[in-house]
Structures are given as C-alpha cells and as structure tokens.
$ cat data.txt   # compact mmCIF, C-alpha atoms and all ligand atoms
# COMPACT_ATOMS: atom_id res chain seq x y z
CA MET A 9 161.17 199.40 108.78
CA GLU A 10 161.77 201.88 105.90
CA LEU A 11 163.26 200.21 102.84
CA GLU A 12 163.14 201.53 99.29
CA ASN A 13 162.42 198.31 97.43
CA VAL A 14 160.85 196.06 100.03
CA LEU A 15 157.79 196.32 102.27
CA LEU A 16 157.87 194.47 105.57
CA GLU A 17 154.54 194.27 107.40
CA LYS A 18 153.21 192.33 110.35
CA GLU A 19 149.74 190.90 110.91
CA GLY A 20 149.76 189.29 114.33
CA ASN A 21 152.36 186.54 114.20
CA ILE A 22 152.63 186.61 110.42
CA GLY A 23 155.32 188.67 108.65
CA ILE A 24 154.72 189.72 105.05
CA LEU A 25 157.71 190.68 102.90
CA SER A 26 156.76 192.20 99.53
CA VAL A 27 159.38 192.90 96.90
CA ASN A 28 158.29 196.37 95.87
CA ARG A 29 159.48 197.53 92.43
CA PRO A 30 156.26 197.00 90.48
CA LYS A 31 157.35 199.28 87.60
CA ALA A 32 160.18 196.82 86.84
CA LEU A 33 157.99 193.82 87.68
CA ASN A 34 159.89 193.58 90.99
CA ALA A 35 163.14 192.67 89.23
CA LEU A 36 166.08 192.19 91.60
CA ASN A 37 168.87 194.72 91.32
CA GLU A 38 171.62 195.04 93.92
CA ALA A 39 169.71 197.58 96.04
CA THR A 40 166.64 195.31 96.16
CA LEU A 41 168.71 192.29 97.18
CA LEU A 42 170.33 194.35 99.93
CA ASP A 43 166.88 195.49 101.12
CA ILE A 44 165.64 191.89 101.20
CA ASP A 45 168.75 191.00 103.20
CA LYS A 46 168.03 193.74 105.77
CA ALA A 47 164.37 192.71 106.00
CA ILE A 48 165.31 189.07 106.62
CA ASP A 49 167.76 190.15 109.34
CA ALA A 50 164.91 192.08 110.99
CA VAL A 51 162.56 189.10 110.76
CA ALA A 52 165.21 186.78 112.23
CA VAL A 53 165.37 188.78 115.48
CA ASP A 54 161.63 189.56 115.72
CA ASP A 55 160.21 187.15 118.30
CA GLU A 56 156.65 188.04 117.34
CA ILE A 57 156.91 186.62 113.83
CA ASP A 58 156.24 182.87 113.61
CA VAL A 59 155.81 182.55 109.85
CA LEU A 60 156.95 184.75 106.96
CA ILE A 61 155.12 185.15 103.65
CA VAL A 62 157.17 186.39 100.68
CA THR A 63 155.30 187.97 97.77
CA GLY A 64 155.60 190.64 95.07
CA ALA A 65 153.94 194.05 95.05
CA GLY A 66 151.28 194.67 92.40
CA ASN A 67 149.18 192.08 90.61
CA LYS A 68 151.41 191.20 87.68
CA ALA A 69 154.65 189.81 89.07
CA PHE A 70 156.10 187.98 92.03
CA VAL A 71 159.61 188.78 90.75
CA ALA A 72 160.41 188.87 87.00
CA GLY A 73 164.02 187.89 87.64
CA ALA A 74 167.34 189.48 88.35
CA ASP A 75 167.41 192.99 86.87
CA ILE A 76 168.63 192.57 83.30
CA THR A 77 169.47 196.27 82.86
CA PHE A 78 171.57 196.11 86.03
CA MET A 79 173.39 192.96 84.88
CA GLN A 80 173.92 193.98 81.23
CA PRO A 81 177.18 195.98 81.75
CA LEU A 82 178.74 193.75 84.43
CA ASN A 83 182.13 192.15 83.86
CA ALA A 84 182.90 188.60 84.99
CA LEU A 85 184.02 189.58 88.50
CA GLU A 86 181.07 191.92 89.00
CA GLY A 87 178.70 189.23 87.68
CA ARG A 88 180.15 186.75 90.14
CA ALA A 89 179.75 189.20 93.03
CA PHE A 90 176.13 189.93 92.03
CA GLY A 91 175.47 186.20 91.80
CA MET A 92 177.00 185.56 95.22
CA LEU A 93 174.98 188.36 96.82
CA GLY A 94 171.75 186.77 95.57
CA GLN A 95 172.89 183.29 96.56
CA ASP A 96 173.71 184.48 100.10
CA VAL A 97 170.40 186.30 100.55
CA PHE A 98 168.41 183.33 99.27
CA ARG A 99 170.35 180.94 101.49
CA LYS A 100 169.60 183.20 104.45
CA ILE A 101 165.88 182.90 103.65
CA GLU A 102 166.20 179.13 103.32
CA GLU A 103 167.94 178.90 106.69
CA LEU A 104 165.66 181.30 108.56
CA GLU A 105 164.46 179.41 111.64
CA ILE A 106 160.80 180.09 110.95
CA PRO A 107 158.81 178.71 108.00
CA VAL A 108 158.68 180.88 104.88
CA ILE A 109 155.83 180.61 102.37
CA ALA A 110 156.12 182.08 98.87
CA ALA A 111 152.82 183.55 97.66
CA VAL A 112 153.52 183.69 93.93
CA ASN A 113 151.25 186.30 92.36
CA GLY A 114 152.38 186.45 88.72
CA PHE A 115 155.72 186.15 86.92
CA ALA A 116 158.34 184.16 88.85
CA LEU A 117 161.12 184.01 86.30
CA GLY A 118 164.85 183.46 86.71
CA GLY A 119 165.82 184.95 90.07
CA GLY A 120 162.09 185.16 90.87
CA CYS A 121 161.60 181.43 90.46
CA GLU A 122 164.77 180.97 92.51
CA LEU A 123 163.43 183.25 95.25
CA ALA A 124 160.24 181.20 95.39
CA MET A 125 162.29 177.99 95.55
CA CYS A 126 164.37 179.06 98.56
CA CYS A 127 161.12 179.42 100.53
CA ASP A 128 159.81 176.34 102.36
CA PHE A 129 156.88 175.90 99.97
CA ARG A 130 154.90 177.82 97.40
CA VAL A 131 151.27 178.73 96.81
CA ALA A 132 150.41 180.37 93.49
CA SER A 133 147.70 182.44 91.89
CA GLU A 134 146.10 181.17 88.68
CA ASN A 135 148.05 183.78 86.67
CA ALA A 136 151.45 182.74 88.07
CA LYS A 137 154.16 181.83 85.56
CA PHE A 138 157.40 180.04 86.36
CA GLY A 139 160.59 179.52 84.43
CA GLN A 140 164.36 179.83 84.23
CA PRO A 141 164.89 181.90 81.05
CA GLU A 142 168.62 182.43 81.61
CA VAL A 143 169.99 180.40 78.70
CA GLY A 144 168.04 182.74 76.40
CA LEU A 145 170.09 185.60 77.88
CA GLY A 146 173.44 183.90 77.54
CA ILE A 147 173.80 183.01 81.22
CA THR A 148 173.08 180.16 83.61
CA PRO A 149 170.67 180.35 86.54
CA GLY A 150 172.76 181.96 89.26
CA TYR A 151 170.68 182.08 92.42
CA GLY A 152 170.45 178.38 93.07
CA GLY A 153 168.20 177.37 90.15
CA THR A 154 170.45 174.57 88.93
CA GLN A 155 170.55 173.17 92.47
CA ARG A 156 167.07 173.68 93.93
CA LEU A 157 164.90 173.01 90.85
CA PRO A 158 166.15 169.40 90.36
CA ARG A 159 165.80 168.77 94.09
CA LEU A 160 162.21 170.02 93.96
CA ILE A 161 160.81 168.61 90.71
CA GLY A 162 163.36 165.95 89.72
CA GLU A 163 166.37 166.03 87.46
CA GLY A 164 164.72 165.35 84.09
CA MET A 165 161.96 167.92 84.41
CA ALA A 166 164.39 170.52 85.80
CA LYS A 167 166.87 169.95 82.97
CA GLU A 168 164.13 170.32 80.35
CA LEU A 169 162.86 173.57 81.90
CA ILE A 170 166.36 175.04 82.26
CA TYR A 171 167.69 173.95 78.82
CA THR A 172 164.57 175.13 76.92
CA ALA A 173 163.93 178.28 79.02
CA ASP A 174 160.23 177.30 78.80
CA ILE A 175 157.79 179.22 80.92
CA ILE A 176 155.06 177.17 82.59
CA GLY A 177 151.73 178.21 84.06
CA ALA A 178 150.42 177.60 87.55
CA ASP A 179 148.61 174.35 86.70
CA GLU A 180 151.75 172.80 85.20
CA ALA A 181 153.75 174.03 88.21
CA LEU A 182 151.23 172.26 90.42
CA ARG A 183 151.44 169.09 88.33
CA VAL A 184 155.23 168.89 88.57
CA GLY A 185 155.25 169.72 92.29
CA LEU A 186 156.78 173.18 92.13
CA VAL A 187 153.79 174.64 93.96
CA ASN A 188 151.51 173.12 96.58
CA HIS A 189 148.28 174.99 95.75
CA VAL A 190 146.83 177.19 93.00
CA VAL A 191 144.08 179.66 93.92
CA ALA A 192 142.34 182.66 92.37
CA ALA A 193 144.53 185.77 92.35
CA ASP A 194 142.31 187.71 94.75
CA GLU A 195 142.33 184.82 97.23
CA LEU A 196 146.09 184.21 97.21
CA MET A 197 147.16 186.23 100.24
CA ASP A 198 144.23 185.06 102.37
CA TYR A 199 145.04 181.49 101.41
CA ALA A 200 148.72 181.90 102.31
CA LYS A 201 147.79 183.61 105.59
CA LYS A 202 145.39 180.78 106.45
CA ILE A 203 148.22 178.25 106.13
CA ALA A 204 150.58 180.57 108.05
CA LYS A 205 148.08 180.95 110.91
CA LYS A 206 147.62 177.19 111.13
CA ILE A 207 151.41 176.78 111.44
CA ALA A 208 151.56 179.63 113.99
CA SER A 209 148.96 177.85 116.16
CA LYS A 210 151.30 174.87 116.71
CA ALA A 211 154.29 174.51 119.04
CA GLN A 212 156.78 176.92 117.50
CA LEU A 213 159.98 175.32 118.75
CA ALA A 214 158.81 171.99 117.35
CA VAL A 215 157.95 173.62 114.00
CA ARG A 216 161.41 175.18 113.85
CA PHE A 217 163.09 171.88 114.77
CA CYS A 218 161.11 170.21 111.95
CA LYS A 219 162.39 172.78 109.44
CA LYS A 220 165.94 172.29 110.65
CA ALA A 221 165.67 168.49 110.51
CA ILE A 222 164.18 168.49 107.00
CA ASN A 223 166.72 171.00 105.66
CA GLU A 224 169.66 169.13 107.20
CA GLY A 225 168.28 165.78 106.08
CA MET A 226 167.90 166.92 102.47
CA GLN A 227 171.66 167.67 102.37
CA THR A 228 172.96 164.48 103.97
CA ASP A 229 172.62 160.71 103.99
CA ILE A 230 169.68 159.00 105.69
CA ASP A 231 171.70 157.74 108.69
CA ARG A 232 173.02 161.19 109.59
CA GLY A 233 169.54 162.59 108.97
CA MET A 234 168.00 160.06 111.35
CA THR A 235 170.57 160.87 114.05
CA PHE A 236 169.85 164.58 113.63
CA GLU A 237 166.11 163.90 113.85
CA ALA A 238 166.56 161.81 117.03
CA ASP A 239 168.62 164.56 118.66
CA LEU A 240 165.99 167.19 117.96
CA PHE A 241 163.20 164.82 119.00
CA GLY A 242 165.01 164.33 122.32
CA LEU A 243 165.44 168.07 122.73
CA CYS A 244 161.66 168.52 122.47
CA PHE A 245 161.37 166.74 125.84
CA ALA A 246 163.26 169.63 127.43
CA THR A 247 160.53 172.07 126.33
CA GLU A 248 157.39 173.28 128.09
CA ASP A 249 155.51 172.77 124.82
CA GLN A 250 156.06 169.00 124.93
CA LYS A 251 154.73 168.82 128.49
CA GLU A 252 151.78 171.07 127.65
CA GLY A 253 150.99 169.35 124.33
CA MET A 254 150.91 165.87 125.83
CA THR A 255 149.18 166.93 129.08
CA ALA A 256 146.48 168.70 127.04
CA PHE A 257 145.93 165.53 125.02
CA VAL A 258 145.57 163.43 128.20
CA GLU A 259 143.24 166.05 129.75
CA LYS A 260 141.23 166.25 126.50
CA ARG A 261 141.70 170.00 126.03
CA LYS A 262 143.41 172.29 123.54
CA PRO A 263 147.09 172.98 124.27
CA GLY A 264 148.30 176.47 125.10
CA PHE A 265 151.79 176.61 123.67
CA GLN A 266 154.56 179.00 124.78
CA LYS A 267 155.08 182.28 122.95
CA LYS A 268 158.64 182.74 121.78
N1 LIG B 1 164.95 193.09 84.60
C1 LIG B 1 164.78 194.41 84.40
N2 LIG B 1 163.60 194.95 84.02
C2 LIG B 1 162.57 194.14 83.83
C3 LIG B 1 162.66 192.72 84.00
C4 LIG B 1 163.94 192.20 84.43
N3 LIG B 1 164.15 190.90 84.66
N4 LIG B 1 161.49 192.17 83.73
C5 LIG B 1 160.66 193.18 83.39
N5 LIG B 1 161.30 194.36 83.45
C6 LIG B 1 160.77 195.69 83.16
C7 LIG B 1 160.62 195.90 81.66
O1 LIG B 1 161.86 196.29 81.09
C8 LIG B 1 159.59 197.01 81.62
O2 LIG B 1 160.21 198.22 81.92
P1 LIG B 1 159.87 199.58 81.10
O3 LIG B 1 160.16 199.25 79.67
O4 LIG B 1 158.39 199.80 81.38
O5 LIG B 1 160.76 200.60 81.71
C9 LIG B 1 158.68 196.66 82.78
O6 LIG B 1 159.43 195.81 83.65
C10 LIG B 1 157.43 195.91 82.38
O7 LIG B 1 157.83 194.78 81.62
P2 LIG B 1 157.26 194.48 80.16
O8 LIG B 1 156.82 195.72 79.47
O9 LIG B 1 158.27 193.64 79.46
O10 LIG B 1 155.96 193.62 80.53
P3 LIG B 1 155.28 192.47 79.66
O11 LIG B 1 154.01 192.14 80.34
O12 LIG B 1 155.24 192.84 78.20
O13 LIG B 1 156.27 191.21 79.78
C11 LIG B 1 157.71 189.64 80.99
C12 LIG B 1 156.49 190.63 81.04
C13 LIG B 1 157.99 189.17 82.41
C14 LIG B 1 157.36 188.45 80.10
C15 LIG B 1 158.92 190.41 80.39
O14 LIG B 1 159.07 191.64 81.11
C16 LIG B 1 160.17 189.64 80.49
O15 LIG B 1 160.41 188.73 79.68
N6 LIG B 1 161.02 189.99 81.45
C17 LIG B 1 162.31 189.37 81.62
C18 LIG B 1 162.13 188.04 82.26
C19 LIG B 1 163.43 187.33 82.44
O16 LIG B 1 164.12 186.96 81.45
N7 LIG B 1 163.79 187.09 83.71
C20 LIG B 1 165.01 186.40 84.02
C21 LIG B 1 166.06 187.40 84.22
S1 LIG B 1 167.63 186.59 84.33
C22 LIG B 1 173.69 185.22 88.20
C23 LIG B 1 172.88 185.88 89.06
C24 LIG B 1 171.53 185.90 88.83
C25 LIG B 1 170.97 185.37 87.70
C26 LIG B 1 171.80 184.74 86.84
C27 LIG B 1 173.17 184.64 87.05
N8 LIG B 1 175.10 185.16 88.39
C28 LIG B 1 175.86 186.29 88.06
C29 LIG B 1 175.72 183.97 88.95
C30 LIG B 1 169.57 185.53 87.44
C31 LIG B 1 169.19 185.80 86.21
C32 LIG B 1 167.82 186.19 85.92
O17 LIG B 1 166.95 186.24 86.75

$ encode --input "data.txt" --output "structure tokens"
Amino acid sequence: MELENVLLEKEGNIGILSVNRPKALNALNEATLLDIDKAIDAVAVDDEIDVLIVTGAGNKAFVAGADITFMQPLNALEGRAFGMLGQDVFRKIEELEIPVIAAVNGFALGGGCELAMCCDFRVASENAKFGQPEVGLGITPGYGGTQRLPRLIGEGMAKELIYTADIIGADEALRVGLVNHVVAADELMDYAKKIAKKIASKAQLAVRFCKKAINEGMQTDIDRGMTFEADLFGLCFATEDQKEGMTAFVEKRKPGFQKK
C-alpha cells in the first residue's frame, strides 16, 4: 500500500505500521492521521495479519506529537475537527480486532504518547521518552491523553504528568506501568516481533475475544463485564479451535489452530 507518511509492511502474520515523517520526528499532521486511518482500514480486512506493531520511522522518535506547525494557525472549530480526527483514528486502533503492540523507539510526546496508549500494550527502547507537554503549549491533551493515561497509570500519577508537562524516560515509564518492557534500541523490533509471534501462535479467535472482553470490561461495571466474558467464553465452544486445543491437550500433542 502506497502512503506518503506511513509504511505498512508484513512479515508473515505480523503487520508493521511505521509513522514515516522522520524529518519532523514523525509529528502527526492531518495527512499523516489520514494515512494511518487508511492503513488501519487495510489491516482490519487483511486476514493474514494476526498482530500489528506500531512504531516510528528513524531512530529518534516514535511520534513527537501532533504537528505544532499544522495546529498553530487553527481556529477553535478547526482545532476541534483536528482533535476529533485524531481521536477517531486512535479509537479505531484501540478497537481493531487484533492485538496492537506499540514499539516506542524514541520520543512519544503529546499525540505520540496518546498513540502509544491506544495500542494494547507498549514495549520501549532505552532512549524512549514519554510525556504530555500540551499545557506548555496552551492546550489540553486532545487525543485521549486525559482519559487513557489515568486508566493506565492511575489518577495521581497521570495528573502530575499532565499538569507539569514533565517528560519521563523509559525506566520511569516502566516503573509507573506505562510500558511493559524496556530493551536496547537495536533489539526493540525483534523483541516486539517475538511477542507478536507468540500471540500469533495461539488460537486467534480466542485472542480476539480476550481483547474484546478486556476492552468492554474496562468501560463497564464488573457484573456486565462478567456477563460479556461468559458470553464470549460460551462462543469459544462453537469454534474448531476449542475442539482442537482441548483434543491436543488430551492427546499430548501441540494444537494446530485454524487460520483466519
Ligand atoms: N510538530 C511539528 N514539528 C516537530 C514536532 C512537532 N510536534 N516535534 C519536532 N518537530 C520538528 C522540529 O520542528 C524540527 O524541524 P526542523 O526545524 O528541522 O524543520 C525537527 O522536527 C527536529 O526537531 P528538533 O530540532 O526540535 O529536535 P531536538 O532533538 O532538538 O528536540 C524534541 C526533540 C522532541 C524535544 C522537540 O522537537 C520538541 O520539543 N518537539 C515538540 C514536542 C511536543 O511538544 N509535542 C507535543 C505536541 S502537542 C487536540 C489535538 C491534538 C493534540 C492536542 C489537542 N485537539 C485539538 C483536541 C495534541 C497535541 C500535541 O501532541
């Protein structure tokens, strides 16, 4: 797929989406958001892709934020529209049926931190830096930062980061639970791919049901969440993968799950 600001590649069952504006540290202008949107649409209908990795081109930045030069002249209505475009694209990533891993390879600031947060989980290189610098620019986080950061790292820590616009390194991000792993920069993609391959080796319908159940459950009360979980659990028994997975266990062999 030919897109100006995004690369979409496939390695077996793993999709790799790279935001590709390294000269602007992969900052998100409208064209880049629209390219990400198109790439996600393509991934959503590609049956070969079981897991998507999102990263930034170059070795300096994941995404250094929404494009400040693009936003500078916007009026209130245009700012709102730009904010809603980003929110919609990030929500689409969050709701993609397959798991999405952010491989954070440098600056993940503002919209970049928010892009990483709409992925299912994050792995980071040692040089990664995270933060929501918006209040230093006279704006609020607009791509879900005020909503996802407190859900991920807790209200107090999120409020401190957002109010101070502090930028934290990878080790602090690991400590507060913003990222799951920190690895050397030259090992980051291999590390993310290793996790992706492990996920891709499991029963894919079950993995997707798990994502759906967790995402739904995080937005609702425990009783509704439990009912949703039970429904999806029941649905698993209508799949070949459940029969194969349990038969393989009984027969003491490795399961051969269905390809989607
Ligand atoms: N936008 C545009 N260009 C950017 C950029 C950005 N966010 N970040 C970096 N660049 C550009 C620089 O302008 C520079 O371009 P040239 O001068 O070479 O043409 C090039 O990338 C290299 O950057 P530097 O020369 O600055 O590189 P350094 O290593 O010295 O510094 C840095 C790296 C990441 C510390 C620095 O570039 C920086 O502070 N960048 C800005 C980081 C930032 O504040 N990010 C948050 C942006 S605000 C909303 C919708 C969305 C948002 C909010 C509201 N609604 C409307 C609801 C989201 C807001 C944000 O994300």

$ closest_residue --input "data.txt" --among "A:Glu12, A:Glu259, A:Glu142, A:Asp49" --to "ligand LIG 1 (chain B)" --atoms "only C-alpha atoms and all ligand atoms"
A:Glu142

$ residues_around --input "data.txt" --residues "A:Cys121" --least-positions-apart "2" --cutoff "10 Å" --atoms "all atoms listed in the file" --output "list of chain:residue names"
A:Phe70, A:Val71, A:Ala72, A:Gly73, A:Val112, A:Phe115, A:Ala116, A:Leu117, A:Gly118, A:Gly119, A:Leu123, A:Ala124, A:Met125, A:Cys126, A:Lys137, A:Phe138, A:Gly139, A:Gln140, A:Pro141, A:Pro149, A:Tyr151, A:Gly152, A:Gly153, A:Leu157, A:Leu186

$ write_last_selection --input "data.txt" --atoms "C-alpha atoms" --output "PDB file, in the frame of the given file"
ATOM      1  CA  PHE A  70     156.100 187.980  92.030  1.00  0.00           C
ATOM      2  CA  VAL A  71     159.610 188.780  90.750  1.00  0.00           C
ATOM      3  CA  ALA A  72     160.410 188.870  87.000  1.00  0.00           C
ATOM      4  CA  GLY A  73     164.020 187.890  87.640  1.00  0.00           C
ATOM      5  CA  VAL A 112     153.520 183.690  93.930  1.00  0.00           C
ATOM      6  CA  PHE A 115     155.720 186.150  86.920  1.00  0.00           C
ATOM      7  CA  ALA A 116     158.340 184.160  88.850  1.00  0.00           C
ATOM      8  CA  LEU A 117     161.120 184.010  86.300  1.00  0.00           C
ATOM      9  CA  GLY A 118     164.850 183.460  86.710  1.00  0.00           C
ATOM     10  CA  GLY A 119     165.820 184.950  90.070  1.00  0.00           C
ATOM     11  CA  LEU A 123     163.430 183.250  95.250  1.00  0.00           C
ATOM     12  CA  ALA A 124     160.240 181.200  95.390  1.00  0.00           C
ATOM     13  CA  MET A 125     162.290 177.990  95.550  1.00  0.00           C
ATOM     14  CA  CYS A 126     164.370 179.060  98.560  1.00  0.00           C
ATOM     15  CA  LYS A 137     154.160 181.830  85.560  1.00  0.00           C
ATOM     16  CA  PHE A 138     157.400 180.040  86.360  1.00  0.00           C
ATOM     17  CA  GLY A 139     160.590 179.520  84.430  1.00  0.00           C
ATOM     18  CA  GLN A 140     164.360 179.830  84.230  1.00  0.00           C
ATOM     19  CA  PRO A 141     164.890 181.900  81.050  1.00  0.00           C
ATOM     20  CA  PRO A 149     170.670 180.350  86.540  1.00  0.00           C
ATOM     21  CA  TYR A 151     170.680 182.080  92.420  1.00  0.00           C
ATOM     22  CA  GLY A 152     170.450 178.380  93.070  1.00  0.00           C
ATOM     23  CA  GLY A 153     168.200 177.370  90.150  1.00  0.00           C
ATOM     24  CA  LEU A 157     164.900 173.010  90.850  1.00  0.00           C
ATOM     25  CA  LEU A 186     156.780 173.180  92.130  1.00  0.00           C
TER      26      LEU A 186
END

$ closest_residue --input "data.txt" --among "A:Asp229, A:Asp128, A:Glu38, A:Glu224" --to "A:Ile76" --atoms "all atoms listed in the file"
A:Glu38

$ atom_distance --input "data.txt" --atom1 "atom CA of A:Ala69" --atom2 "atom CA of A:Val14"
14.1 Å

$ closest_residue --input "data.txt" --among "A:Ser26, A:Ala214, A:Leu41, A:Leu145" --to "ligand LIG 1 (chain B)" --atoms "only C-alpha atoms and all ligand atoms"
A:Leu145

$ closest_residue --input "data.txt" --among "A:Val59, A:Val97, A:Ala50, A:Val143" --to "ligand LIG 1 (chain B)" --atoms "all atoms listed in the file"
A:Val143

$ decode --input "data.txt" --residues "stretch 94-117 of chain A" --atoms "N, CA, C and O atoms" --output "short mmCIF file (atom, residue, chain, number, x, y, z; two decimals), in the first residue's frame"
data_model
loop_
_atom_site.label_atom_id
_atom_site.label_comp_id
_atom_site.auth_asym_id
_atom_site.auth_seq_id
_atom_site.Cartn_x
_atom_site.Cartn_y
_atom_site.Cartn_z
N GLY A 94 -8.02 12.85 15.11
CA GLY A 94 -7.07 12.02 15.85
C GLY A 94 -7.76 11.08 16.82
O GLY A 94 -7.42 9.90 16.91
N GLN A 95 -8.76 11.58 17.51
CA GLN A 95 -9.49 10.72 18.46
C GLN A 95 -10.11 9.52 17.73
O GLN A 95 -10.05 8.39 18.21
N ASP A 96 -10.71 9.78 16.56
CA ASP A 96 -11.37 8.69 15.82
C ASP A 96 -10.36 7.65 15.33
O ASP A 96 -10.62 6.45 15.40
N VAL A 97 -9.22 8.14 14.82
CA VAL A 97 -8.20 7.20 14.32
C VAL A 97 -7.66 6.35 15.48
O VAL A 97 -7.51 5.13 15.36
N PHE A 98 -7.41 7.01 16.62
CA PHE A 98 -6.84 6.27 17.74
C PHE A 98 -7.85 5.27 18.31
O PHE A 98 -7.50 4.19 18.75
N ARG A 99 -9.10 5.66 18.28
CA ARG A 99 -10.16 4.75 18.77
C ARG A 99 -10.27 3.53 17.84
O ARG A 99 -10.51 2.41 18.28
N LYS A 100 -10.08 3.80 16.55
CA LYS A 100 -10.12 2.71 15.57
C LYS A 100 -9.00 1.70 15.84
O LYS A 100 -9.18 0.49 15.75
N ILE A 101 -7.82 2.23 16.21
CA ILE A 101 -6.70 1.34 16.55
C ILE A 101 -7.04 0.54 17.81
O ILE A 101 -6.86 -0.67 17.87
N GLU A 102 -7.60 1.24 18.80
CA GLU A 102 -7.95 0.58 20.06
C GLU A 102 -8.97 -0.53 19.84
O GLU A 102 -8.93 -1.58 20.48
N GLU A 103 -9.87 -0.33 18.89
CA GLU A 103 -10.96 -1.29 18.67
C GLU A 103 -10.66 -2.29 17.56
O GLU A 103 -11.51 -3.13 17.25
N LEU A 104 -9.49 -2.20 16.96
CA LEU A 104 -9.11 -3.20 15.96
C LEU A 104 -9.23 -4.57 16.61
O LEU A 104 -8.86 -4.75 17.76
N GLU A 105 -9.74 -5.56 15.87
CA GLU A 105 -9.97 -6.87 16.49
C GLU A 105 -8.68 -7.54 16.95
O GLU A 105 -8.66 -8.26 17.94
N ILE A 106 -7.61 -7.30 16.20
CA ILE A 106 -6.35 -7.99 16.54
C ILE A 106 -5.55 -7.17 17.56
O ILE A 106 -5.73 -5.95 17.66
N PRO A 107 -4.64 -7.83 18.29
CA PRO A 107 -3.80 -7.08 19.22
C PRO A 107 -2.85 -6.13 18.50
O PRO A 107 -2.36 -6.43 17.41
N VAL A 108 -2.60 -4.99 19.13
CA VAL A 108 -1.70 -3.97 18.59
C VAL A 108 -0.63 -3.65 19.65
O VAL A 108 -0.98 -3.31 20.79
N ILE A 109 0.63 -3.80 19.26
CA ILE A 109 1.74 -3.52 20.18
C ILE A 109 2.43 -2.23 19.72
O ILE A 109 2.77 -2.10 18.55
N ALA A 110 2.64 -1.31 20.63
CA ALA A 110 3.44 -0.11 20.30
C ALA A 110 4.90 -0.42 20.60
O ALA A 110 5.23 -0.81 21.73
N ALA A 111 5.76 -0.25 19.60
CA ALA A 111 7.20 -0.38 19.81
C ALA A 111 7.75 1.04 19.82
O ALA A 111 7.93 1.67 18.78
N VAL A 112 7.97 1.58 21.01
CA VAL A 112 8.26 3.00 21.18
C VAL A 112 9.77 3.23 21.13
O VAL A 112 10.51 2.85 22.04
N ASN A 113 10.22 3.84 20.04
CA ASN A 113 11.64 3.91 19.72
C ASN A 113 12.20 5.33 19.83
O ASN A 113 12.98 5.75 18.98
N GLY A 114 11.79 6.07 20.85
CA GLY A 114 12.30 7.44 20.99
C GLY A 114 11.20 8.31 21.57
O GLY A 114 10.38 7.86 22.38
N PHE A 115 11.13 9.57 21.12
CA PHE A 115 10.14 10.50 21.68
C PHE A 115 8.70 10.01 21.43
O PHE A 115 8.33 9.71 20.29
N ALA A 116 7.93 9.95 22.49
CA ALA A 116 6.49 9.68 22.39
C ALA A 116 5.81 10.76 23.22
O ALA A 116 5.49 10.58 24.40
N LEU A 117 5.65 11.91 22.60
CA LEU A 117 5.17 13.10 23.31
C LEU A 117 3.79 13.50 22.79
O LEU A 117 3.51 13.34 21.59
#
